Amino acid sequence: MSGSAADAPVVVDALRTPIGTAGRSLARLPAPDLAAPLVAALAGRLDRRSIAPGDIRDVVLGNCTGPGGDVARVAALQAGLPVSVPGLTVDRQCGSGLAAIAVAAALVRSEPGAVLAGGVESASTAPWRSWPPEDGGGPVRYERAPFAPAALGDPDMGPAADLLARDCGVSREEQDRYAARSHARAVTTWRDGGFDAEVLPVAGVSRDDRPRAGLTVERLARLRPAFRPGGTVTAGNACGVNDGAALVTVVDAGTHRRLGVPGLRVLATATAGVDPNRPGRGLVPATRLALDRAGVTLDEIDVVELNEAFAGQVLACCAELGLDPERVCPEGGALALGHPWGASGAVLAVRLFSQLVRRPGGRLGLAAVAVGGGQGVAMVVEACG
């Protein structure tokens with residue numbers, strides 16, 4: 001993304017649902033049912049600012065494992081938006097929610113107005129699929145989409161994260177310590193009301209399922225390796241399987257000036273690729289590229305939100321970037337909150353909005369997420385009036 005900062009798109013609102021653990025609080029809600037309340041709420045706020053629902057340019061949602069079709073269109077109609085408002089569903093795996101926001105930023109540059117963008121995932125209601133039978137055999141359960149050609153290497157994210165931690169010398173204790181800190185930070189943020197303004201209750205659920213008070217390094221140390229003998233990734237220092245949605249409102253610079261509200265100016269977005277055998281590294285080149293396009297350094301960033309898929313993966317990326325892990329997810333990240341795949345990148349954007357706009361405490365923010373198949377998506381934002 002290029003152009004002067006004054007002409008950059010602006011995020012003027014942001015909301016998320018609570019994040020549920022698969023099979024628990026939000027388990028009965030399919031993807032459109034999770035996203036539609038956010039679409040309706042953000043559209044209602046725009047309407048009160050004299051942008052009618054029918055004037056919304058598009059609804060763009062990331063989604064990985066939903067029923068197919070166009071989840072964004074279904075959610076927009078279910079939210080009561082006029083049939084004239086289109087919808088677009090984006091699939092860049094775990095980066096889908098942030099990719100959707102990047103798409104929205106590009107859209108409002110060419111078509112001034114407002115776009116609702118983010119992501120949604122309902123792991124609990126994802127359809128069960130099967131590969132067609134071969135040679136008279138029975139159907140074979142379809143576990144996940146290919147992220148890369150098998151001949152090149154297409155590992156699951158968990159085993160790949162374990163190997164990345166090994167390659168980078170990240171110890172089990174370091175991973176457990178990081179995970180415990182993420183939970184402690186999230187619990188504190190909930191206690192202090194730091195999530196209240198960003199979370200829209202859905203189906204009677206108003207809090208995240210996953211954050212655990214009193215989770216210590218000692219308790220985490222009891223867990224067995226999850227993916228390989230002698231490995232260091234466990235159920236405790238890895239994210240969960242989750243349900244949830246997150247959306248933001250993106251407007252062009254001219255619309256932002258007319259609205260006269262604070263927001264986050266999108267200085268740059270970037271997407272990059274890495275070796276599919278180490279997909280967790282994907283956020284590193286994406287972050288570097290986004291920072292370069294924004295004309296800022298990592299040291300200048302006030303709030304860093306990386307998707308905490310695995311503690312070892314985050315710590316390996318921090319080492320490569322020269323980033324102090326203490327700076328990452330200062331109010332708790334996906335290890336504590338959960339990782340609803342198609343929504344997680346948008347959750348990062350919501351978190352930046354809360355920390356830089358709702359509770360002003362800095363100017364610049366970074367969101368970045370690694371993606372299966374060896375990709376990364378990043379965004380640099382600036383708080384603005």
# chains A, B, ... in the order shown; residues from 1 in each chain; ligands from 1

call {"tool": "select_by_dssp", "arguments": {"residues": "region 132-174 of chain A", "states": "helix (DSSP H, G or I)", "output": "MDAnalysis selection string"}}
result
chainID A and resid 157:167 172:174

call {"tool": "write_last_selection", "arguments": {"atoms": "N, CA, C and O atoms", "output": "PDB file, in the first residue's frame"}}
result
ATOM      1  N   MET A 157       0.514 -27.199  11.150  1.00  0.00           N
ATOM      2  CA  MET A 157       1.143 -26.058  11.822  1.00  0.00           C
ATOM      3  C   MET A 157       1.815 -26.448  13.133  1.00  0.00           C
ATOM      4  O   MET A 157       2.875 -25.919  13.487  1.00  0.00           O
ATOM      5  N   GLY A 158       1.217 -27.377  13.886  1.00  0.00           N
ATOM      6  CA  GLY A 158       1.778 -27.756  15.184  1.00  0.00           C
ATOM      7  C   GLY A 158       3.148 -28.392  15.078  1.00  0.00           C
ATOM      8  O   GLY A 158       4.118 -27.915  15.684  1.00  0.00           O
ATOM      9  N   PRO A 159       3.286 -29.494  14.325  1.00  0.00           N
ATOM     10  CA  PRO A 159       4.612 -30.091  14.164  1.00  0.00           C
ATOM     11  C   PRO A 159       5.632 -29.123  13.578  1.00  0.00           C
ATOM     12  O   PRO A 159       6.805 -29.128  13.974  1.00  0.00           O
ATOM     13  N   ALA A 160       5.185 -28.271  12.633  1.00  0.00           N
ATOM     14  CA  ALA A 160       6.104 -27.301  12.044  1.00  0.00           C
ATOM     15  C   ALA A 160       6.570 -26.286  13.079  1.00  0.00           C
ATOM     16  O   ALA A 160       7.736 -25.873  13.085  1.00  0.00           O
ATOM     17  N   ALA A 161       5.675 -25.880  13.971  1.00  0.00           N
ATOM     18  CA  ALA A 161       6.063 -24.942  15.027  1.00  0.00           C
ATOM     19  C   ALA A 161       7.054 -25.579  15.988  1.00  0.00           C
ATOM     20  O   ALA A 161       7.986 -24.915  16.470  1.00  0.00           O
ATOM     21  N   ASP A 162       6.861 -26.856  16.267  1.00  0.00           N
ATOM     22  CA  ASP A 162       7.785 -27.572  17.144  1.00  0.00           C
ATOM     23  C   ASP A 162       9.182 -27.601  16.534  1.00  0.00           C
ATOM     24  O   ASP A 162      10.194 -27.369  17.217  1.00  0.00           O
ATOM     25  N   LEU A 163       9.252 -27.865  15.241  1.00  0.00           N
ATOM     26  CA  LEU A 163      10.545 -27.907  14.561  1.00  0.00           C
ATOM     27  C   LEU A 163      11.168 -26.515  14.469  1.00  0.00           C
ATOM     28  O   LEU A 163      12.395 -26.364  14.583  1.00  0.00           O
ATOM     29  N   LEU A 164      10.343 -25.490  14.273  1.00  0.00           N
ATOM     30  CA  LEU A 164      10.870 -24.128  14.235  1.00  0.00           C
ATOM     31  C   LEU A 164      11.476 -23.752  15.579  1.00  0.00           C
ATOM     32  O   LEU A 164      12.559 -23.154  15.645  1.00  0.00           O
ATOM     33  N   ALA A 165      10.787 -24.096  16.666  1.00  0.00           N
ATOM     34  CA  ALA A 165      11.327 -23.822  18.000  1.00  0.00           C
ATOM     35  C   ALA A 165      12.645 -24.548  18.201  1.00  0.00           C
ATOM     36  O   ALA A 165      13.605 -23.994  18.748  1.00  0.00           O
ATOM     37  N   ARG A 166      12.717 -25.812  17.742  1.00  0.00           N
ATOM     38  CA  ARG A 166      13.968 -26.566  17.844  1.00  0.00           C
ATOM     39  C   ARG A 166      15.080 -25.896  17.051  1.00  0.00           C
ATOM     40  O   ARG A 166      16.204 -25.718  17.545  1.00  0.00           O
ATOM     41  N   ASP A 167      14.783 -25.511  15.810  1.00  0.00           N
ATOM     42  CA  ASP A 167      15.786 -24.887  14.946  1.00  0.00           C
ATOM     43  C   ASP A 167      16.342 -23.609  15.554  1.00  0.00           C
ATOM     44  O   ASP A 167      17.526 -23.287  15.374  1.00  0.00           O
ATOM     45  N   ARG A 172      11.689 -25.354  26.121  1.00  0.00           N
ATOM     46  CA  ARG A 172      10.357 -25.622  26.660  1.00  0.00           C
ATOM     47  C   ARG A 172      10.021 -24.633  27.766  1.00  0.00           C
ATOM     48  O   ARG A 172       8.897 -24.102  27.825  1.00  0.00           O
ATOM     49  N   GLU A 173      10.959 -24.343  28.637  1.00  0.00           N
ATOM     50  CA  GLU A 173      10.692 -23.416  29.734  1.00  0.00           C
ATOM     51  C   GLU A 173      10.353 -22.028  29.220  1.00  0.00           C
ATOM     52  O   GLU A 173       9.441 -21.372  29.748  1.00  0.00           O
ATOM     53  N   GLU A 174      11.076 -21.571  28.194  1.00  0.00           N
ATOM     54  CA  GLU A 174      10.775 -20.256  27.626  1.00  0.00           C
ATOM     55  C   GLU A 174       9.355 -20.225  27.056  1.00  0.00           C
ATOM     56  O   GLU A 174       8.637 -19.221  27.214  1.00  0.00           O
TER      57      GLU A 174
END

call {"tool": "closest_atom_pairs", "arguments": {"of": "region 268-372 of chain A", "to": "region 243-259 of chain A", "cutoff": "6 Å", "atoms": "only C-alpha atoms", "output": "CSV"}}
result
residue,atom,partner,partner_atom,distance
A:Pro340,CA,A:Asp243,CA,5.1
A:Ala343,CA,A:Ala245,CA,5.3
A:Ala346,CA,A:Ala246,CA,5.5
A:Val347,CA,A:Ala246,CA,5.5

call {"tool": "write_last_selection", "arguments": {"atoms": "N, CA and C atoms", "output": "PDB file, in the first residue's frame"}}
result
ATOM      1  N   PRO A 340      -9.474 -18.296  16.619  1.00  0.00           N
ATOM      2  CA  PRO A 340     -10.496 -18.645  15.627  1.00  0.00           C
ATOM      3  C   PRO A 340      -9.959 -18.321  14.232  1.00  0.00           C
ATOM      4  N   ALA A 343     -10.715 -15.487  11.804  1.00  0.00           N
ATOM      5  CA  ALA A 343     -10.962 -14.210  12.483  1.00  0.00           C
ATOM      6  C   ALA A 343      -9.739 -13.648  13.173  1.00  0.00           C
ATOM      7  N   ALA A 346      -8.119 -10.330  12.289  1.00  0.00           N
ATOM      8  CA  ALA A 346      -8.989  -9.189  12.604  1.00  0.00           C
ATOM      9  C   ALA A 346      -9.044  -8.924  14.093  1.00  0.00           C
ATOM     10  N   VAL A 347      -8.927  -9.978  14.912  1.00  0.00           N
ATOM     11  CA  VAL A 347      -8.852  -9.762  16.361  1.00  0.00           C
ATOM     12  C   VAL A 347      -7.658  -8.881  16.701  1.00  0.00           C
TER      13      VAL A 347
END

call {"tool": "atom_distance", "arguments": {"atom1": "CA of Thr189 (chain A)", "atom2": "CA of Thr216 (chain A)"}}
result
17.4 Å

call {"tool": "residues_around", "arguments": {"residues": "Asp58 (chain A)", "least_positions_apart": "4", "cutoff": "8 Å", "atoms": "only C-alpha atoms", "output": "number ranges by chain"}}
result
A: 85-88, 114-116

call {"tool": "write_last_selection", "arguments": {"atoms": "N, CA and C atoms", "output": "PDB file, in the first residue's frame"}}
result
ATOM      1  N   VAL A  85     -26.022  -4.289  -0.869  1.00  0.00           N
ATOM      2  CA  VAL A  85     -24.672  -4.326  -0.301  1.00  0.00           C
ATOM      3  C   VAL A  85     -24.057  -5.700  -0.571  1.00  0.00           C
ATOM      4  N   PRO A  86     -22.949  -5.764  -1.300  1.00  0.00           N
ATOM      5  CA  PRO A  86     -22.359  -7.069  -1.629  1.00  0.00           C
ATOM      6  C   PRO A  86     -21.514  -7.621  -0.488  1.00  0.00           C
ATOM      7  N   GLY A  87     -21.071  -8.862  -0.670  1.00  0.00           N
ATOM      8  CA  GLY A  87     -20.198  -9.492   0.314  1.00  0.00           C
ATOM      9  C   GLY A  87     -19.119 -10.298  -0.380  1.00  0.00           C
ATOM     10  N   LEU A  88     -17.939 -10.336   0.223  1.00  0.00           N
ATOM     11  CA  LEU A  88     -16.794 -11.054  -0.340  1.00  0.00           C
ATOM     12  C   LEU A  88     -16.125 -11.857   0.771  1.00  0.00           C
ATOM     13  N   ALA A 114     -17.432   3.380   3.001  1.00  0.00           N
ATOM     14  CA  ALA A 114     -17.170   2.524   4.153  1.00  0.00           C
ATOM     15  C   ALA A 114     -17.276   1.054   3.762  1.00  0.00           C
ATOM     16  N   VAL A 115     -16.357   0.256   4.271  1.00  0.00           N
ATOM     17  CA  VAL A 115     -16.380  -1.198   4.095  1.00  0.00           C
ATOM     18  C   VAL A 115     -16.260  -1.836   5.473  1.00  0.00           C
ATOM     19  N   LEU A 116     -17.080  -2.827   5.746  1.00  0.00           N
ATOM     20  CA  LEU A 116     -16.960  -3.610   6.974  1.00  0.00           C
ATOM     21  C   LEU A 116     -16.100  -4.829   6.655  1.00  0.00           C
TER      22      LEU A 116
END

call {"tool": "residues_around", "arguments": {"residues": "Val296 (chain A)", "least_positions_apart": "5", "cutoff": "10 Å", "atoms": "only C-alpha atoms", "output": "list in words"}}
result
Leu267, Arg288, Ala290, Leu291, Ile301, Leu364 and Val380 of chain A

call {"tool": "residues_around", "arguments": {"residues": "Ala5 (chain A)", "least_positions_apart": "2", "cutoff": "10 Å", "atoms": "only C-alpha atoms", "output": "list in words"}}
result
Ser2, Gly3, Asp7, Ala8, Pro9, Val10, Ala253, Arg265, Val266, Leu267, Ala268, Ala294 and Glu382 of chain A

call {"tool": "write_last_selection", "arguments": {"atoms": "N, CA, C and O atoms", "output": "mmCIF file, in the first residue's frame"}}
result
data_model
loop_
_atom_site.group_PDB
_atom_site.id
_atom_site.type_symbol
_atom_site.label_atom_id
_atom_site.label_comp_id
_atom_site.auth_asym_id
_atom_site.auth_seq_id
_atom_site.Cartn_x
_atom_site.Cartn_y
_atom_site.Cartn_z
ATOM 1 N N SER A 2 0.604 2.160 -0.876
ATOM 2 C CA SER A 2 1.440 3.346 -0.977
ATOM 3 C C SER A 2 0.564 4.590 -0.889
ATOM 4 O O SER A 2 -0.651 4.513 -0.703
ATOM 5 N N GLY A 3 1.172 5.755 -1.058
ATOM 6 C CA GLY A 3 0.442 7.002 -0.946
ATOM 7 C C GLY A 3 0.749 7.696 0.354
ATOM 8 O O GLY A 3 1.238 7.089 1.300
ATOM 9 N N ASP A 7 -3.726 10.548 2.938
ATOM 10 C CA ASP A 7 -4.711 9.950 2.045
ATOM 11 C C ASP A 7 -4.993 8.485 2.373
ATOM 12 O O ASP A 7 -5.726 7.820 1.651
ATOM 13 N N ALA A 8 -4.412 7.981 3.462
ATOM 14 C CA ALA A 8 -4.546 6.559 3.793
ATOM 15 C C ALA A 8 -5.932 6.245 4.344
ATOM 16 O O ALA A 8 -6.555 7.077 5.007
ATOM 17 N N PRO A 9 -6.422 5.040 4.100
ATOM 18 C CA PRO A 9 -7.683 4.603 4.708
ATOM 19 C C PRO A 9 -7.568 4.597 6.234
ATOM 20 O O PRO A 9 -6.477 4.517 6.800
ATOM 21 N N VAL A 10 -8.722 4.660 6.893
ATOM 22 C CA VAL A 10 -8.744 4.744 8.351
ATOM 23 C C VAL A 10 -9.752 3.740 8.915
ATOM 24 O O VAL A 10 -10.879 3.621 8.414
ATOM 25 N N ALA A 253 -9.944 8.342 3.381
ATOM 26 C CA ALA A 253 -9.485 9.520 4.130
ATOM 27 C C ALA A 253 -10.509 10.651 4.107
ATOM 28 O O ALA A 253 -10.717 11.334 5.125
ATOM 29 N N ARG A 265 -5.132 5.060 11.202
ATOM 30 C CA ARG A 265 -4.749 5.231 9.801
ATOM 31 C C ARG A 265 -3.923 4.021 9.354
ATOM 32 O O ARG A 265 -2.952 3.654 10.018
ATOM 33 N N VAL A 266 -4.317 3.395 8.268
ATOM 34 C CA VAL A 266 -3.603 2.228 7.756
ATOM 35 C C VAL A 266 -2.415 2.718 6.926
ATOM 36 O O VAL A 266 -2.551 3.049 5.750
ATOM 37 N N LEU A 267 -1.249 2.741 7.553
ATOM 38 C CA LEU A 267 -0.055 3.238 6.873
ATOM 39 C C LEU A 267 0.461 2.250 5.845
ATOM 40 O O LEU A 267 0.989 2.657 4.798
ATOM 41 N N ALA A 268 0.351 0.954 6.132
ATOM 42 C CA ALA A 268 0.869 -0.038 5.197
ATOM 43 C C ALA A 268 0.312 -1.412 5.534
ATOM 44 O O ALA A 268 0.049 -1.723 6.702
ATOM 45 N N ALA A 294 5.734 1.541 5.496
ATOM 46 C CA ALA A 294 5.209 2.599 6.362
ATOM 47 C C ALA A 294 6.267 3.647 6.696
ATOM 48 O O ALA A 294 5.934 4.727 7.197
ATOM 49 N N GLU A 382 -1.540 3.895 12.461
ATOM 50 C CA GLU A 382 -1.192 5.081 13.245
ATOM 51 C C GLU A 382 -2.466 5.700 13.816
ATOM 52 O O GLU A 382 -3.439 5.939 13.060
#

call {"tool": "select_by_dssp", "arguments": {"residues": "region 155-247 of chain A", "states": "strand (DSSP E or B)", "output": "list in words"}}
result
Val199, Val202, Val205, Ala238, Asn242, Asp243, Gly244, Ala245, Ala246 and Leu247 of chain A

call {"tool": "closest_residue", "arguments": {"among": "A:Gly273, A:Gly231, A:Gly365, A:Gly338", "to": "Arg92 (chain A)", "atoms": "only C-alpha atoms"}}
result
A:Gly273

call {"tool": "closest_residue", "arguments": {"among": "A:Val284, A:Arg351, A:Arg141, A:Gly333", "to": "Leu321 (chain A)", "atoms": "only C-alpha atoms"}}
result
A:Val284

call {"tool": "residues_around", "arguments": {"residues": "region 61-70 of chain A", "least_positions_apart": "2", "cutoff": "9 Å", "atoms": "only C-alpha atoms", "output": "PyMOL selection string"}}
result
chain A and resi 30-31+35+59+72-75+87-101+116-123+125-127+144-145+247+341-343+345-346

call {"tool": "write_last_selection", "arguments": {"atoms": "C-alpha atoms", "output": "PDB file, in the first residue's frame"}}
result
ATOM      1  CA  PRO A  30     -22.462 -21.271  12.627  1.00  0.00           C
ATOM      2  CA  ALA A  31     -20.180 -18.696  11.061  1.00  0.00           C
ATOM      3  CA  ALA A  35     -20.509 -12.450  12.181  1.00  0.00           C
ATOM      4  CA  VAL A  59     -18.644  -6.569   3.584  1.00  0.00           C
ATOM      5  CA  ALA A  72     -19.749 -12.586   4.056  1.00  0.00           C
ATOM      6  CA  ARG A  73     -22.811 -12.203   1.855  1.00  0.00           C
ATOM      7  CA  VAL A  74     -24.895 -14.453   4.096  1.00  0.00           C
ATOM      8  CA  ALA A  75     -23.803 -12.553   7.210  1.00  0.00           C
ATOM      9  CA  GLY A  87     -20.198  -9.492   0.314  1.00  0.00           C
ATOM     10  CA  LEU A  88     -16.794 -11.054  -0.340  1.00  0.00           C
ATOM     11  CA  THR A  89     -15.237 -13.990   1.511  1.00  0.00           C
ATOM     12  CA  VAL A  90     -11.439 -14.224   1.685  1.00  0.00           C
ATOM     13  CA  ASP A  91      -9.393 -17.344   2.479  1.00  0.00           C
ATOM     14  CA  ARG A  92      -5.737 -16.852   3.363  1.00  0.00           C
ATOM     15  CA  GLN A  93      -5.977 -19.418   6.133  1.00  0.00           C
ATOM     16  CA  CYS A  94      -4.934 -17.977   9.533  1.00  0.00           C
ATOM     17  CA  GLY A  95      -4.235 -14.613   7.884  1.00  0.00           C
ATOM     18  CA  SER A  96      -7.709 -14.314   6.386  1.00  0.00           C
ATOM     19  CA  GLY A  97      -9.094 -11.737   8.826  1.00  0.00           C
ATOM     20  CA  LEU A  98      -6.153  -9.381   8.409  1.00  0.00           C
ATOM     21  CA  ALA A  99      -6.093  -9.999   4.642  1.00  0.00           C
ATOM     22  CA  ALA A 100      -9.758  -8.998   4.522  1.00  0.00           C
ATOM     23  CA  ILE A 101      -8.911  -5.673   6.165  1.00  0.00           C
ATOM     24  CA  LEU A 116     -16.960  -3.610   6.974  1.00  0.00           C
ATOM     25  CA  ALA A 117     -14.093  -6.104   7.118  1.00  0.00           C
ATOM     26  CA  GLY A 118     -12.709  -8.808   9.357  1.00  0.00           C
ATOM     27  CA  GLY A 119     -13.135 -12.515   9.818  1.00  0.00           C
ATOM     28  CA  VAL A 120     -15.159 -15.314  11.343  1.00  0.00           C
ATOM     29  CA  GLU A 121     -14.616 -18.947  12.251  1.00  0.00           C
ATOM     30  CA  SER A 122     -16.857 -21.586  13.745  1.00  0.00           C
ATOM     31  CA  ALA A 123     -14.651 -24.605  14.232  1.00  0.00           C
ATOM     32  CA  THR A 125     -19.889 -26.177  13.182  1.00  0.00           C
ATOM     33  CA  ALA A 126     -17.399 -26.643  10.329  1.00  0.00           C
ATOM     34  CA  PRO A 127     -18.904 -29.221   7.957  1.00  0.00           C
ATOM     35  CA  ARG A 144      -7.820 -29.964   6.102  1.00  0.00           C
ATOM     36  CA  ALA A 145      -7.082 -28.226   2.826  1.00  0.00           C
ATOM     37  CA  LEU A 247     -14.802  -6.846  12.358  1.00  0.00           C
ATOM     38  CA  TRP A 341      -8.514 -19.125  12.421  1.00  0.00           C
ATOM     39  CA  GLY A 342     -10.349 -16.937   9.901  1.00  0.00           C
ATOM     40  CA  ALA A 343     -10.962 -14.210  12.483  1.00  0.00           C
ATOM     41  CA  GLY A 345      -5.977 -11.455  12.123  1.00  0.00           C
ATOM     42  CA  ALA A 346      -8.989  -9.189  12.604  1.00  0.00           C
TER      43      ALA A 346
END

call {"tool": "residues_around", "arguments": {"residues": "Pro325 (chain A)", "least_positions_apart": "2", "cutoff": "9 Å", "atoms": "only C-alpha atoms", "output": "list in words"}}
result
Tyr178, Val314, Leu315, Cys318, Ala319, Leu323, Arg327, Val328 and Cys329 of chain A

call {"tool": "write_last_selection", "arguments": {"atoms": "N, CA, C and O atoms", "output": "compact mmCIF listing (two decimals), in the first residue's frame"}}
result
# COMPACT_ATOMS: atom_id res chain seq x y z
N TYR A 178 6.28 -17.92 28.48
CA TYR A 178 5.56 -16.99 27.60
C TYR A 178 4.06 -17.26 27.65
O TYR A 178 3.24 -16.33 27.74
N VAL A 314 6.19 -17.81 18.16
CA VAL A 314 6.29 -16.37 18.41
C VAL A 314 7.69 -16.00 18.89
O VAL A 314 8.28 -15.01 18.43
N LEU A 315 8.24 -16.79 19.79
CA LEU A 315 9.57 -16.50 20.31
C LEU A 315 10.63 -16.62 19.23
O LEU A 315 11.59 -15.82 19.19
N CYS A 318 10.31 -13.47 17.17
CA CYS A 318 10.86 -12.33 17.90
C CYS A 318 12.38 -12.31 17.81
O CYS A 318 12.99 -11.26 17.62
N ALA A 319 13.00 -13.49 17.96
CA ALA A 319 14.45 -13.55 17.87
C ALA A 319 14.93 -13.11 16.50
O ALA A 319 15.93 -12.35 16.38
N LEU A 323 13.09 -8.49 18.32
CA LEU A 323 11.97 -7.91 19.08
C LEU A 323 11.92 -8.54 20.46
O LEU A 323 11.90 -9.76 20.60
N ARG A 327 7.27 -7.15 24.67
CA ARG A 327 6.49 -6.12 23.99
C ARG A 327 5.27 -6.70 23.27
O ARG A 327 4.40 -5.94 22.84
N VAL A 328 5.22 -8.00 23.10
CA VAL A 328 4.20 -8.62 22.26
C VAL A 328 2.91 -8.86 23.06
O VAL A 328 2.95 -9.37 24.18
N CYS A 329 1.79 -8.48 22.46
CA CYS A 329 0.47 -8.69 23.06
C CYS A 329 0.45 -8.27 24.53
O CYS A 329 0.29 -9.11 25.43

call {"tool": "atom_distance", "arguments": {"atom1": "CA of Asp13 (chain A)", "atom2": "CA of Ser84 (chain A)"}}
result
22.3 Å
